[in-house]
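Enquirer: Just passing along the structure, written as structure tokens.
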2 protein chains.
Amino acid sequence: MGVMNRQVLLRNRPSGAPQVGDFEVVDAPMPVPGEGEVLCRTIYLSLDPYMRGRMNEGRSYATPAQVGKPMVGGTVSEVVESRHPGFAKGDVVLGYDGWQAYAVSGGAGARKLDPRQAPISTALGVLGMPGLTAYVGLLDIGKPKEGETVVVSAAAGAVGSAVGQIAKIKGCRVVGVAGSAEKCDYVVKELGFDACVNHRAEDLVAALEKACPRGIDIYFENVGGGVLAAVLRLINPNARIPLCGLISEYNAATPPPGPNLRPLLFNRALIKGFIVSDHFDRLGDFLPDCTGWVRDGRLKYREDIVEGLENAPGAFLGLFQGKNFGKLLVKAGADPTRPIAPR
Amino acid sequence: MGVMNRQVLLRNRPSGAPQVGDFEVVDAPMPVPGEGEVLCRTIYLSLDPYMRGRMNEGRSYATPAQVGKPMVGGTVSEVVESRHPGFAKGDVVLGYDGWQAYAVSGGAGARKLDPRQAPISTALGVLGMPGLTAYVGLLDIGKPKEGETVVVSAAAGAVGSAVGQIAKIKGCRVVGVAGSAEKCDYVVKELGFDACVNHRAEDLVAALEKACPRGIDIYFENVGGGVLAAVLRLINPNARIPLCGLISEYNAATPPPGPNLRPLLFNRALIKGFIVSDHFDRLGDFLPDCTGWVRDGRLKYREDIVEGLENAPGAFLGLFQGKNFGKLLVKAGADPTRPIAPR
């Protein structure tokens, strides 16, 4: 036989923290496109915290991944065979092909990428779902005003790093919370945040109080747990808390208690959960704004690229320990548009 | 000496649950109005859960009550002497004179009441601050749509009973949560709620699930603790939670943990704290709407009237055990407008 289709299947639904053994790497037969379909070769697969939720059975905002099928996920791919009038061989497309080397699709959810506009991998990061998440969560729910103080957790991550930089562009004081001295350094020195607190090393309330002398107007929540509790003690009247993620809790078999909510009451504050897929109507603002800011160097990004689909499970588990540094991507195959490795 | 001014002073700032001994009943000399001032005799004093917060030192949305001074509170009074061009002897006014039989004021915060429009005591309840709280919290933050399910805690209380009835007027399914079978009966049979759950007697999640077969779209939060945690398990996508009060927590020396917030994220739900004093701009809508509904019998109310200022401390403490049944008022002196006792 010739080329096979490497896939990473969901083998078990984990209870609590997933294990590498909850996944299975297999080489399946190559799929064949029918009339009106395209065959795509995966170049980059995005690994994101939300995927933990897809591993569970039951009620959520999206249908779960299927046991015995490839894990779901966003991909940037090259069209290697097209029987669809809208796509040609060689096109690079953003899709949702999952954890596999090849996929056949009808092209409905695929968007063509122009490699001259930005590196194609950014369509999974700063110019993709994580970037749009940052953009709508901060601007539409957080509604930052010039001079306000914005705190963002997981500040070195794909979403957090964009949140902080967009808040700086909007004239805010920006304080990150991250999980290592190296990440804090990066956030302040490379991304231009005003300060960053290492939640593993410092007394969070004291450190945040020092970094936020005028209190906290917006807290962009990615992690949950102790950071939210500490922030609530320092919120200002009319504070806004876009609730984007609770990564510290995703592996808990039993949901842990949350923070006391009394400060919300006294401060007339708002917590609002949101899911980026409700906000695709903002793509028309997001893409030109953020593409421009990336080009101008005002919106920087960092990628953490793992080679080989077979390494996706281990890299995914590392997300929940903060082992990645930058947007976590799996390079599943050659990138014809980027001959030089990113830093 | 002639008439004295009975006052209830704040003696100590309590830590945890207040005691009767944290208050002191004294008979002080009568105050004398100066030029431009009025002397008012208190008829009704309102006792409200928010007063617990005023007993604390420190940062809140309002300045604390002063140790050694009369406790603060809303009052309905009769003008007994006026040296102010805007008020005449015999006028009945809504003011904020505190826990005392007489007070002198410049009239700035006082609003004249027309006893022909509605019983004057309602200016402290269904047509006053608690009513406005229900109105703006439900309509402006909750934004009920016809057919949605609204749950309200402390459903037999001054705020909760108005919330539920206004939600019924807006075409919602309304489920109360209250602390006794008698209160649940009242809420369903007298006020017309669709159902009411006794949080002391029933498995809350199971009972709420049964009462809310289409999930929960709005939860009007007055109490905190286990009710909020149970509700969060049943919220629908895009649920709204006006956070009005957390009475179950006000006496805690250390704030207890709150519910896990993951359902907010998955359901894109909103929690928003609010303070009624930010919303006085809505009086112009609230008063005609609610006065009309009271007259039409669509918005009923119940008062729990304690006789004598000296009994205010004990009655106030009972609020936190749910001992009152209806809007808690202290009758501090004769009501010239209501010769017949309310039921």
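Chain lettering (A, B, ...) mirrors the order of the structure tokens, residue numbering begins at 1 for each chain separately, and ligand numbering begins at 1 in order of display.
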Applying 8 Å and only C-alpha atoms, which residues near Lys112 (chain A) remain after dropping the ones on its own chain fewer than 3 positions away? List them as a ChimeraX atom specification.
Expert: /A:91-94
Enquirer: Go ahead and write the residues just picked, C-alpha atoms, as a compact mmCIF listing (two decimals), in the first residue's frame.
Expert:
# COMPACT_ATOMS: atom_id res chain seq x y z
CA ASP A 91 -5.02 25.93 -2.10
CA VAL A 92 -4.31 26.39 1.59
CA VAL A 93 -7.47 26.24 3.68
CA LEU A 94 -8.57 26.69 7.26
Enquirer: Chain A least-squares fit onto chain B, all C-alpha atoms in order: RMSD in Å?
Expert: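 Across the paired C-alpha atoms, the RMSD reaches 0.0 Å.
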Enquirer: Hey, list the chain A side of the contact with chain B: 10 Å cut-off, only C-alpha atoms, answer as a PDB file with N, CA and C atoms, in the first residue's frame.
Expert:
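So out.pdb came out as:
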ATOM      1  N   GLY A  53     -13.329  19.560  26.967  1.00  0.00           N
ATOM      2  CA  GLY A  53     -14.782  19.455  27.079  1.00  0.00           C
ATOM      3  C   GLY A  53     -15.376  18.511  26.046  1.00  0.00           C
ATOM      4  N   ARG A  59     -24.243  17.128  27.996  1.00  0.00           N
ATOM      5  CA  ARG A  59     -24.698  18.458  27.658  1.00  0.00           C
ATOM      6  C   ARG A  59     -23.548  19.459  27.647  1.00  0.00           C
ATOM      7  N   SER A  60     -23.305  20.067  26.542  1.00  0.00           N
ATOM      8  CA  SER A  60     -22.414  21.200  26.467  1.00  0.00           C
ATOM      9  C   SER A  60     -22.881  22.014  25.279  1.00  0.00           C
ATOM     10  N   TYR A  61     -22.107  23.014  24.891  1.00  0.00           N
ATOM     11  CA  TYR A  61     -22.539  23.867  23.795  1.00  0.00           C
ATOM     12  C   TYR A  61     -22.220  23.245  22.438  1.00  0.00           C
ATOM     13  N   ALA A  62     -21.485  22.133  22.439  1.00  0.00           N
ATOM     14  CA  ALA A  62     -21.131  21.494  21.175  1.00  0.00           C
ATOM     15  C   ALA A  62     -21.249  19.993  21.350  1.00  0.00           C
ATOM     16  N   GLY A 224      -9.753  30.362  36.103  1.00  0.00           N
ATOM     17  CA  GLY A 224     -10.543  29.984  37.277  1.00  0.00           C
ATOM     18  C   GLY A 224      -9.681  29.781  38.506  1.00  0.00           C
ATOM     19  N   GLY A 225     -10.292  29.218  39.541  1.00  0.00           N
ATOM     20  CA  GLY A 225      -9.562  28.919  40.763  1.00  0.00           C
ATOM     21  C   GLY A 225      -9.135  30.170  41.510  1.00  0.00           C
ATOM     22  N   ALA A 229     -10.589  34.385  42.510  1.00  0.00           N
ATOM     23  CA  ALA A 229     -10.879  34.780  43.891  1.00  0.00           C
ATOM     24  C   ALA A 229     -10.054  35.991  44.305  1.00  0.00           C
ATOM     25  N   PRO A 237     -15.950  49.356  41.156  1.00  0.00           N
ATOM     26  CA  PRO A 237     -17.353  49.455  40.765  1.00  0.00           C
ATOM     27  C   PRO A 237     -17.503  49.331  39.250  1.00  0.00           C
ATOM     28  N   ASN A 238     -18.553  48.622  38.865  1.00  0.00           N
ATOM     29  CA  ASN A 238     -18.868  48.409  37.455  1.00  0.00           C
ATOM     30  C   ASN A 238     -17.803  47.623  36.687  1.00  0.00           C
ATOM     31  N   ALA A 239     -17.083  46.767  37.404  1.00  0.00           N
ATOM     32  CA  ALA A 239     -16.107  45.904  36.741  1.00  0.00           C
ATOM     33  C   ALA A 239     -16.809  44.910  35.820  1.00  0.00           C
ATOM     34  N   ARG A 240     -16.078  44.480  34.797  1.00  0.00           N
ATOM     35  CA  ARG A 240     -16.599  43.478  33.846  1.00  0.00           C
ATOM     36  C   ARG A 240     -15.638  42.301  33.798  1.00  0.00           C
ATOM     37  N   ILE A 241     -16.206  41.101  33.812  1.00  0.00           N
ATOM     38  CA  ILE A 241     -15.394  39.886  33.806  1.00  0.00           C
ATOM     39  C   ILE A 241     -15.853  38.971  32.676  1.00  0.00           C
ATOM     40  N   PRO A 242     -15.246  39.122  31.488  1.00  0.00           N
ATOM     41  CA  PRO A 242     -15.553  38.163  30.420  1.00  0.00           C
ATOM     42  C   PRO A 242     -15.021  36.790  30.846  1.00  0.00           C
ATOM     43  N   LEU A 243     -15.917  35.826  30.887  1.00  0.00           N
ATOM     44  CA  LEU A 243     -15.560  34.477  31.347  1.00  0.00           C
ATOM     45  C   LEU A 243     -15.338  33.614  30.111  1.00  0.00           C
ATOM     46  N   CYS A 244     -14.066  33.465  29.790  1.00  0.00           N
ATOM     47  CA  CYS A 244     -13.683  32.814  28.533  1.00  0.00           C
ATOM     48  C   CYS A 244     -13.310  31.362  28.755  1.00  0.00           C
ATOM     49  N   GLY A 245     -12.667  31.078  29.887  1.00  0.00           N
ATOM     50  CA  GLY A 245     -12.216  29.724  30.140  1.00  0.00           C
ATOM     51  C   GLY A 245     -11.937  29.523  31.613  1.00  0.00           C
ATOM     52  N   LEU A 246     -11.901  28.258  32.004  1.00  0.00           N
ATOM     53  CA  LEU A 246     -11.625  27.886  33.401  1.00  0.00           C
ATOM     54  C   LEU A 246     -10.678  26.688  33.360  1.00  0.00           C
ATOM     55  N   GLU A 249      -9.887  24.045  35.953  1.00  0.00           N
ATOM     56  CA  GLU A 249     -10.940  23.168  36.471  1.00  0.00           C
ATOM     57  C   GLU A 249     -11.363  22.070  35.498  1.00  0.00           C
ATOM     58  N   TYR A 250     -10.862  22.117  34.270  1.00  0.00           N
ATOM     59  CA  TYR A 250     -11.417  21.221  33.251  1.00  0.00           C
ATOM     60  C   TYR A 250     -11.160  19.756  33.558  1.00  0.00           C
ATOM     61  N   THR A 254     -15.018  16.427  39.933  1.00  0.00           N
ATOM     62  CA  THR A 254     -16.089  17.129  40.633  1.00  0.00           C
ATOM     63  C   THR A 254     -15.796  18.620  40.557  1.00  0.00           C
ATOM     64  N   PRO A 255     -16.736  19.422  40.086  1.00  0.00           N
ATOM     65  CA  PRO A 255     -16.457  20.858  39.965  1.00  0.00           C
ATOM     66  C   PRO A 255     -16.145  21.471  41.329  1.00  0.00           C
ATOM     67  N   PRO A 256     -15.033  22.153  41.454  1.00  0.00           N
ATOM     68  CA  PRO A 256     -14.689  22.775  42.742  1.00  0.00           C
ATOM     69  C   PRO A 256     -15.557  24.006  43.006  1.00  0.00           C
ATOM     70  N   PRO A 257     -15.686  24.411  44.276  1.00  0.00           N
ATOM     71  CA  PRO A 257     -16.454  25.633  44.552  1.00  0.00           C
ATOM     72  C   PRO A 257     -15.781  26.832  43.903  1.00  0.00           C
ATOM     73  N   GLY A 258     -16.545  27.845  43.672  1.00  0.00           N
ATOM     74  CA  GLY A 258     -16.000  29.064  43.081  1.00  0.00           C
ATOM     75  C   GLY A 258     -15.763  30.117  44.146  1.00  0.00           C
ATOM     76  N   PRO A 259     -15.432  31.310  43.717  1.00  0.00           N
ATOM     77  CA  PRO A 259     -15.176  32.391  44.676  1.00  0.00           C
ATOM     78  C   PRO A 259     -16.474  32.912  45.258  1.00  0.00           C
ATOM     79  N   ASN A 260     -16.379  33.529  46.411  1.00  0.00           N
ATOM     80  CA  ASN A 260     -17.531  34.230  46.968  1.00  0.00           C
ATOM     81  C   ASN A 260     -17.909  35.390  46.042  1.00  0.00           C
ATOM     82  N   LEU A 261     -19.208  35.557  45.825  1.00  0.00           N
ATOM     83  CA  LEU A 261     -19.663  36.525  44.821  1.00  0.00           C
ATOM     84  C   LEU A 261     -20.057  37.884  45.393  1.00  0.00           C
ATOM     85  N   ARG A 262     -19.851  38.063  46.709  1.00  0.00           N
ATOM     86  CA  ARG A 262     -20.295  39.320  47.297  1.00  0.00           C
ATOM     87  C   ARG A 262     -19.688  40.555  46.615  1.00  0.00           C
ATOM     88  N   PRO A 263     -18.399  40.504  46.211  1.00  0.00           N
ATOM     89  CA  PRO A 263     -17.854  41.702  45.548  1.00  0.00           C
ATOM     90  C   PRO A 263     -18.575  42.074  44.252  1.00  0.00           C
ATOM     91  N   LEU A 264     -19.167  41.092  43.586  1.00  0.00           N
ATOM     92  CA  LEU A 264     -19.942  41.406  42.380  1.00  0.00           C
ATOM     93  C   LEU A 264     -21.124  42.288  42.720  1.00  0.00           C
ATOM     94  N   LEU A 265     -21.764  41.938  43.849  1.00  0.00           N
ATOM     95  CA  LEU A 265     -22.953  42.670  44.271  1.00  0.00           C
ATOM     96  C   LEU A 265     -22.592  44.111  44.633  1.00  0.00           C
ATOM     97  N   PHE A 266     -21.635  44.262  45.542  1.00  0.00           N
ATOM     98  CA  PHE A 266     -21.277  45.601  46.012  1.00  0.00           C
ATOM     99  C   PHE A 266     -20.783  46.484  44.870  1.00  0.00           C
ATOM    100  N   ASN A 267     -20.088  45.868  43.927  1.00  0.00           N
ATOM    101  CA  ASN A 267     -19.469  46.645  42.852  1.00  0.00           C
ATOM    102  C   ASN A 267     -20.293  46.666  41.575  1.00  0.00           C
ATOM    103  N   ARG A 268     -21.512  46.151  41.643  1.00  0.00           N
ATOM    104  CA  ARG A 268     -22.373  46.123  40.451  1.00  0.00           C
ATOM    105  C   ARG A 268     -21.597  45.545  39.271  1.00  0.00           C
ATOM    106  N   ALA A 269     -20.825  44.508  39.550  1.00  0.00           N
ATOM    107  CA  ALA A 269     -19.966  43.964  38.510  1.00  0.00           C
ATOM    108  C   ALA A 269     -20.695  42.907  37.705  1.00  0.00           C
ATOM    109  N   LEU A 270     -20.110  42.583  36.581  1.00  0.00           N
ATOM    110  CA  LEU A 270     -20.715  41.644  35.633  1.00  0.00           C
ATOM    111  C   LEU A 270     -19.746  40.507  35.321  1.00  0.00           C
ATOM    112  N   ILE A 271     -20.244  39.275  35.381  1.00  0.00           N
ATOM    113  CA  ILE A 271     -19.523  38.135  34.816  1.00  0.00           C
ATOM    114  C   ILE A 271     -20.375  37.615  33.669  1.00  0.00           C
ATOM    115  N   LYS A 272     -19.753  37.422  32.526  1.00  0.00           N
ATOM    116  CA  LYS A 272     -20.522  36.938  31.371  1.00  0.00           C
ATOM    117  C   LYS A 272     -19.720  35.855  30.670  1.00  0.00           C
ATOM    118  N   GLY A 273     -20.269  34.645  30.666  1.00  0.00           N
ATOM    119  CA  GLY A 273     -19.659  33.583  29.887  1.00  0.00           C
ATOM    120  C   GLY A 273     -19.874  33.827  28.404  1.00  0.00           C
ATOM    121  N   PHE A 274     -18.918  33.405  27.600  1.00  0.00           N
ATOM    122  CA  PHE A 274     -19.127  33.535  26.157  1.00  0.00           C
ATOM    123  C   PHE A 274     -18.390  32.426  25.428  1.00  0.00           C
ATOM    124  N   ILE A 275     -18.872  32.149  24.232  1.00  0.00           N
ATOM    125  CA  ILE A 275     -18.324  31.098  23.379  1.00  0.00           C
ATOM    126  C   ILE A 275     -18.068  31.745  22.028  1.00  0.00           C
ATOM    127  N   VAL A 276     -16.852  31.618  21.555  1.00  0.00           N
ATOM    128  CA  VAL A 276     -16.454  32.391  20.373  1.00  0.00           C
ATOM    129  C   VAL A 276     -17.333  32.086  19.165  1.00  0.00           C
ATOM    130  N   ASP A 278     -20.351  31.953  18.859  1.00  0.00           N
ATOM    131  CA  ASP A 278     -21.526  32.830  18.759  1.00  0.00           C
ATOM    132  C   ASP A 278     -21.191  34.154  18.090  1.00  0.00           C
TER     133      ASP A 278
END
Enquirer: Using DSSP on the backbone, list every residue of region 32-108 of chain A that comes out as strand (DSSP E), and give them as a list in words.
Expert: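 Strand (DSSP E) members of region 32-108 of chain A, listed: Val38, Leu39, Cys40, Arg41, Thr42, Ile43, Tyr44, Leu45, Ser46, Thr75, Val76, Ser77, Glu78, Val79, Val80, Glu81, Ser82, Val92, Val93, Leu94, Gly95, Tyr102, Ala103, Val104 and Ser105 of chain A.
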Enquirer: Once you have the residues from the selection above, write them out as a PDB file, in the first residue's frame, restricted to N, CA and C atoms.
Expert:
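Result saved to selection_21.pdb:
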ATOM      1  N   VAL A  38     -13.263  17.712  -1.508  1.00  0.00           N
ATOM      2  CA  VAL A  38     -11.814  17.939  -1.610  1.00  0.00           C
ATOM      3  C   VAL A  38     -11.094  16.999  -0.654  1.00  0.00           C
ATOM      4  N   LEU A  39      -9.881  16.619  -1.043  1.00  0.00           N
ATOM      5  CA  LEU A  39      -9.001  15.866  -0.149  1.00  0.00           C
ATOM      6  C   LEU A  39      -7.935  16.839   0.349  1.00  0.00           C
ATOM      7  N   CYS A  40      -7.836  16.984   1.664  1.00  0.00           N
ATOM      8  CA  CYS A  40      -6.902  17.939   2.245  1.00  0.00           C
ATOM      9  C   CYS A  40      -5.834  17.211   3.046  1.00  0.00           C
ATOM     10  N   ARG A  41      -4.615  17.728   2.961  1.00  0.00           N
ATOM     11  CA  ARG A  41      -3.500  17.220   3.754  1.00  0.00           C
ATOM     12  C   ARG A  41      -3.262  18.207   4.893  1.00  0.00           C
ATOM     13  N   THR A  42      -3.304  17.715   6.114  1.00  0.00           N
ATOM     14  CA  THR A  42      -3.145  18.602   7.267  1.00  0.00           C
ATOM     15  C   THR A  42      -1.703  19.106   7.368  1.00  0.00           C
ATOM     16  N   ILE A  43      -1.577  20.415   7.469  1.00  0.00           N
ATOM     17  CA  ILE A  43      -0.247  20.995   7.727  1.00  0.00           C
ATOM     18  C   ILE A  43      -0.130  21.284   9.230  1.00  0.00           C
ATOM     19  N   TYR A  44      -1.072  22.045   9.759  1.00  0.00           N
ATOM     20  CA  TYR A  44      -1.074  22.372  11.185  1.00  0.00           C
ATOM     21  C   TYR A  44      -2.396  21.952  11.820  1.00  0.00           C
ATOM     22  N   LEU A  45      -2.288  21.364  12.981  1.00  0.00           N
ATOM     23  CA  LEU A  45      -3.451  21.058  13.813  1.00  0.00           C
ATOM     24  C   LEU A  45      -3.351  21.928  15.059  1.00  0.00           C
ATOM     25  N   SER A  46      -4.440  22.546  15.427  1.00  0.00           N
ATOM     26  CA  SER A  46      -4.488  23.391  16.618  1.00  0.00           C
ATOM     27  C   SER A  46      -4.860  22.544  17.839  1.00  0.00           C
ATOM     28  N   THR A  75      -7.787  22.967  11.733  1.00  0.00           N
ATOM     29  CA  THR A  75      -6.626  22.592  10.932  1.00  0.00           C
ATOM     30  C   THR A  75      -6.360  23.626   9.851  1.00  0.00           C
ATOM     31  N   VAL A  76      -5.095  23.730   9.475  1.00  0.00           N
ATOM     32  CA  VAL A  76      -4.720  24.418   8.241  1.00  0.00           C
ATOM     33  C   VAL A  76      -4.149  23.345   7.316  1.00  0.00           C
ATOM     34  N   SER A  77      -4.676  23.280   6.121  1.00  0.00           N
ATOM     35  CA  SER A  77      -4.373  22.151   5.234  1.00  0.00           C
ATOM     36  C   SER A  77      -4.098  22.627   3.817  1.00  0.00           C
ATOM     37  N   GLU A  78      -3.522  21.718   3.044  1.00  0.00           N
ATOM     38  CA  GLU A  78      -3.316  21.962   1.622  1.00  0.00           C
ATOM     39  C   GLU A  78      -4.272  21.051   0.849  1.00  0.00           C
ATOM     40  N   VAL A  79      -4.936  21.629  -0.123  1.00  0.00           N
ATOM     41  CA  VAL A  79      -5.809  20.817  -0.976  1.00  0.00           C
ATOM     42  C   VAL A  79      -4.917  19.987  -1.896  1.00  0.00           C
ATOM     43  N   VAL A  80      -5.013  18.669  -1.787  1.00  0.00           N
ATOM     44  CA  VAL A  80      -4.176  17.819  -2.636  1.00  0.00           C
ATOM     45  C   VAL A  80      -4.981  17.216  -3.788  1.00  0.00           C
ATOM     46  N   GLU A  81      -6.273  17.214  -3.677  1.00  0.00           N
ATOM     47  CA  GLU A  81      -7.115  16.773  -4.794  1.00  0.00           C
ATOM     48  C   GLU A  81      -8.458  17.464  -4.638  1.00  0.00           C
ATOM     49  N   SER A  82      -8.960  18.029  -5.711  1.00  0.00           N
ATOM     50  CA  SER A  82     -10.240  18.734  -5.616  1.00  0.00           C
ATOM     51  C   SER A  82     -11.211  18.251  -6.678  1.00  0.00           C
ATOM     52  N   VAL A  92      -4.486  26.601   0.149  1.00  0.00           N
ATOM     53  CA  VAL A  92      -4.312  26.390   1.588  1.00  0.00           C
ATOM     54  C   VAL A  92      -5.605  26.828   2.272  1.00  0.00           C
ATOM     55  N   VAL A  93      -6.155  25.952   3.098  1.00  0.00           N
ATOM     56  CA  VAL A  93      -7.470  26.236   3.683  1.00  0.00           C
ATOM     57  C   VAL A  93      -7.464  26.038   5.194  1.00  0.00           C
ATOM     58  N   LEU A  94      -8.268  26.867   5.850  1.00  0.00           N
ATOM     59  CA  LEU A  94      -8.567  26.693   7.265  1.00  0.00           C
ATOM     60  C   LEU A  94      -9.802  25.817   7.360  1.00  0.00           C
ATOM     61  N   GLY A  95      -9.725  24.740   8.142  1.00  0.00           N
ATOM     62  CA  GLY A  95     -10.864  23.832   8.259  1.00  0.00           C
ATOM     63  C   GLY A  95     -10.963  23.248   9.651  1.00  0.00           C
ATOM     64  N   TYR A 102      -4.957  13.414   6.819  1.00  0.00           N
ATOM     65  CA  TYR A 102      -5.726  13.698   5.603  1.00  0.00           C
ATOM     66  C   TYR A 102      -7.209  13.686   5.942  1.00  0.00           C
ATOM     67  N   ALA A 103      -7.971  14.446   5.194  1.00  0.00           N
ATOM     68  CA  ALA A 103      -9.415  14.428   5.401  1.00  0.00           C
ATOM     69  C   ALA A 103     -10.116  14.812   4.118  1.00  0.00           C
ATOM     70  N   VAL A 104     -11.275  14.241   3.941  1.00  0.00           N
ATOM     71  CA  VAL A 104     -12.129  14.604   2.818  1.00  0.00           C
ATOM     72  C   VAL A 104     -13.273  15.439   3.361  1.00  0.00           C
ATOM     73  N   SER A 105     -13.596  16.517   2.670  1.00  0.00           N
ATOM     74  CA  SER A 105     -14.738  17.317   3.122  1.00  0.00           C
ATOM     75  C   SER A 105     -15.450  17.926   1.938  1.00  0.00           C
TER      76      SER A 105
END
Enquirer: Quick one: pull the distance between CA of Leu9 (chain B) and CA of Glu24 (chain B), Å, one decimal.
Expert: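 Spanning CA of Leu9 (chain B) to CA of Glu24 (chain B) is a straight-line distance of 5.1 Å.
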Enquirer: State, in Å with one decimal place, the distance from CA of Ser121 (chain A) to CA of Gly73 (chain A).
Expert: 13.9 Å
Enquirer: DSSP on the backbone: what in region 123-204 of chain B comes out alpha helix (DSSP H), as number ranges by chain?
Expert: B: 129-136, 158-169, 181-185, 204
Enquirer: Can those selected residues be exported to a file as a PDB file, in the first residue's frame so that it contains C-alpha atoms?
Expert:
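Contents of the output file out.pdb:
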ATOM      1  CA  MET B 129     -37.056  50.755  47.198  1.00  0.00           C
ATOM      2  CA  PRO B 130     -37.832  47.010  47.271  1.00  0.00           C
ATOM      3  CA  GLY B 131     -40.328  47.368  44.446  1.00  0.00           C
ATOM      4  CA  LEU B 132     -37.925  49.402  42.320  1.00  0.00           C
ATOM      5  CA  THR B 133     -35.235  46.812  43.038  1.00  0.00           C
ATOM      6  CA  ALA B 134     -37.501  44.088  41.703  1.00  0.00           C
ATOM      7  CA  TYR B 135     -38.518  46.185  38.714  1.00  0.00           C
ATOM      8  CA  VAL B 136     -35.058  47.193  37.477  1.00  0.00           C
ATOM      9  CA  ALA B 158     -40.604  42.233  49.683  1.00  0.00           C
ATOM     10  CA  VAL B 159     -38.405  42.048  46.590  1.00  0.00           C
ATOM     11  CA  GLY B 160     -39.010  38.441  45.583  1.00  0.00           C
ATOM     12  CA  SER B 161     -42.789  38.652  45.689  1.00  0.00           C
ATOM     13  CA  ALA B 162     -42.704  41.678  43.373  1.00  0.00           C
ATOM     14  CA  VAL B 163     -40.196  40.027  41.021  1.00  0.00           C
ATOM     15  CA  GLY B 164     -42.388  36.984  40.563  1.00  0.00           C
ATOM     16  CA  GLN B 165     -45.583  38.922  39.997  1.00  0.00           C
ATOM     17  CA  ILE B 166     -43.970  41.300  37.507  1.00  0.00           C
ATOM     18  CA  ALA B 167     -42.534  38.274  35.688  1.00  0.00           C
ATOM     19  CA  LYS B 168     -46.043  36.798  35.526  1.00  0.00           C
ATOM     20  CA  ILE B 169     -47.340  40.094  34.135  1.00  0.00           C
ATOM     21  CA  ALA B 181     -44.483  25.521  53.423  1.00  0.00           C
ATOM     22  CA  GLU B 182     -46.636  28.452  54.503  1.00  0.00           C
ATOM     23  CA  LYS B 183     -44.599  30.888  52.405  1.00  0.00           C
ATOM     24  CA  CYS B 184     -44.655  28.525  49.412  1.00  0.00           C
ATOM     25  CA  ASP B 185     -48.438  28.269  49.714  1.00  0.00           C
ATOM     26  CA  LEU B 204     -33.450  21.559  45.715  1.00  0.00           C
TER      27      LEU B 204
END
Enquirer: So which residues touch Gly322 (chain B) within 10 Å, counting only C-alpha atoms, skipping near sequence neighbours fewer than 6 positions away, as JSON, numbers by chain?
Expert: {"B": [154, 156, 157, 178, 179, 180, 247, 248]}
Enquirer: Output C-alpha atoms for every residue in the selection just made, as a short mmCIF file (atom, residue, chain, number, x, y, z; two decimals), in the first residue's frame.
Expert:
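What landed in result-v3.cif:
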data_model
loop_
_atom_site.label_atom_id
_atom_site.label_comp_id
_atom_site.auth_asym_id
_atom_site.auth_seq_id
_atom_site.Cartn_x
_atom_site.Cartn_y
_atom_site.Cartn_z
CA ALA B 154 -36.75 34.73 48.97
CA ALA B 156 -42.25 35.62 49.76
CA GLY B 157 -40.09 38.61 50.64
CA ALA B 178 -38.93 30.13 49.94
CA GLY B 179 -38.18 28.90 53.43
CA SER B 180 -41.44 27.40 54.67
CA ILE B 247 -28.72 37.40 52.52
CA SER B 248 -27.60 33.91 53.54
#
Enquirer: Check the smallest atom-to-atom distance from each of A:Val150, A:Ala110, A:Leu283, A:Ile305 to Gly128 (chain A) using only C-alpha atoms, then report the winner.
Expert: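 That would be A:Leu283, the residue with the smallest distance to Gly128 (chain A).
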Enquirer: For Trp99 (chain B), list every protein, DNA or RNA residue within 6 Å, evaluated using only C-alpha atoms, and leave out those in the same chain fewer than 6 positions away; present the list as a compact mmCIF listing (two decimals) with N, CA and C atoms, in the first residue's frame.
Expert:
# COMPACT_ATOMS: atom_id res chain seq x y z
N GLN B 7 -34.64 56.68 70.11
CA GLN B 7 -33.70 56.33 69.04
C GLN B 7 -33.14 54.94 69.28
N VAL B 8 -32.79 54.26 68.21
CA VAL B 8 -32.05 53.01 68.32
C VAL B 8 -30.67 53.27 67.71
N PRO B 70 -27.98 56.99 65.55
CA PRO B 70 -29.11 56.15 65.15
C PRO B 70 -28.76 55.35 63.89
N MET B 71 -29.22 54.08 63.87
CA MET B 71 -29.07 53.28 62.66
C MET B 71 -29.78 53.98 61.51
Enquirer: Please list as a list in words every residue within 9 Å of Cys196 (chain B), counting only C-alpha atoms and excluding residues in the same chain fewer than 2 positions away.
Expert: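 The contact residues come out as Ala155, Val174, Val175, Gly176, Val177, Ala178, Lys183, Cys184, Asp185, Val187, Val188, Phe193, Asp194, Asn198, Leu208 and Ala211 of chain B.
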Enquirer: Store the residues picked out above in a file with C-alpha atoms, as a CSV table (one decimal), in the first residue's frame.
Expert:
chain,number,residue,atom,x,y,z
B,155,ALA,CA,-39.9,34.6,46.9
B,174,VAL,CA,-42.4,31.8,37.5
B,175,VAL,CA,-41.0,29.5,40.2
B,176,GLY,CA,-40.3,30.7,43.7
B,177,VAL,CA,-37.9,29.4,46.3
B,178,ALA,CA,-38.9,30.1,49.9
B,183,LYS,CA,-44.6,30.9,52.4
B,184,CYS,CA,-44.7,28.5,49.4
B,185,ASP,CA,-48.4,28.3,49.7
B,187,VAL,CA,-46.6,32.5,46.8
B,188,VAL,CA,-48.5,30.1,44.7
B,193,PHE,CA,-46.6,31.9,40.9
B,194,ASP,CA,-46.6,28.6,38.9
B,198,ASN,CA,-39.2,25.0,50.0
B,208,LEU,CA,-36.3,22.8,40.8
B,211,ALA,CA,-40.7,22.9,38.6
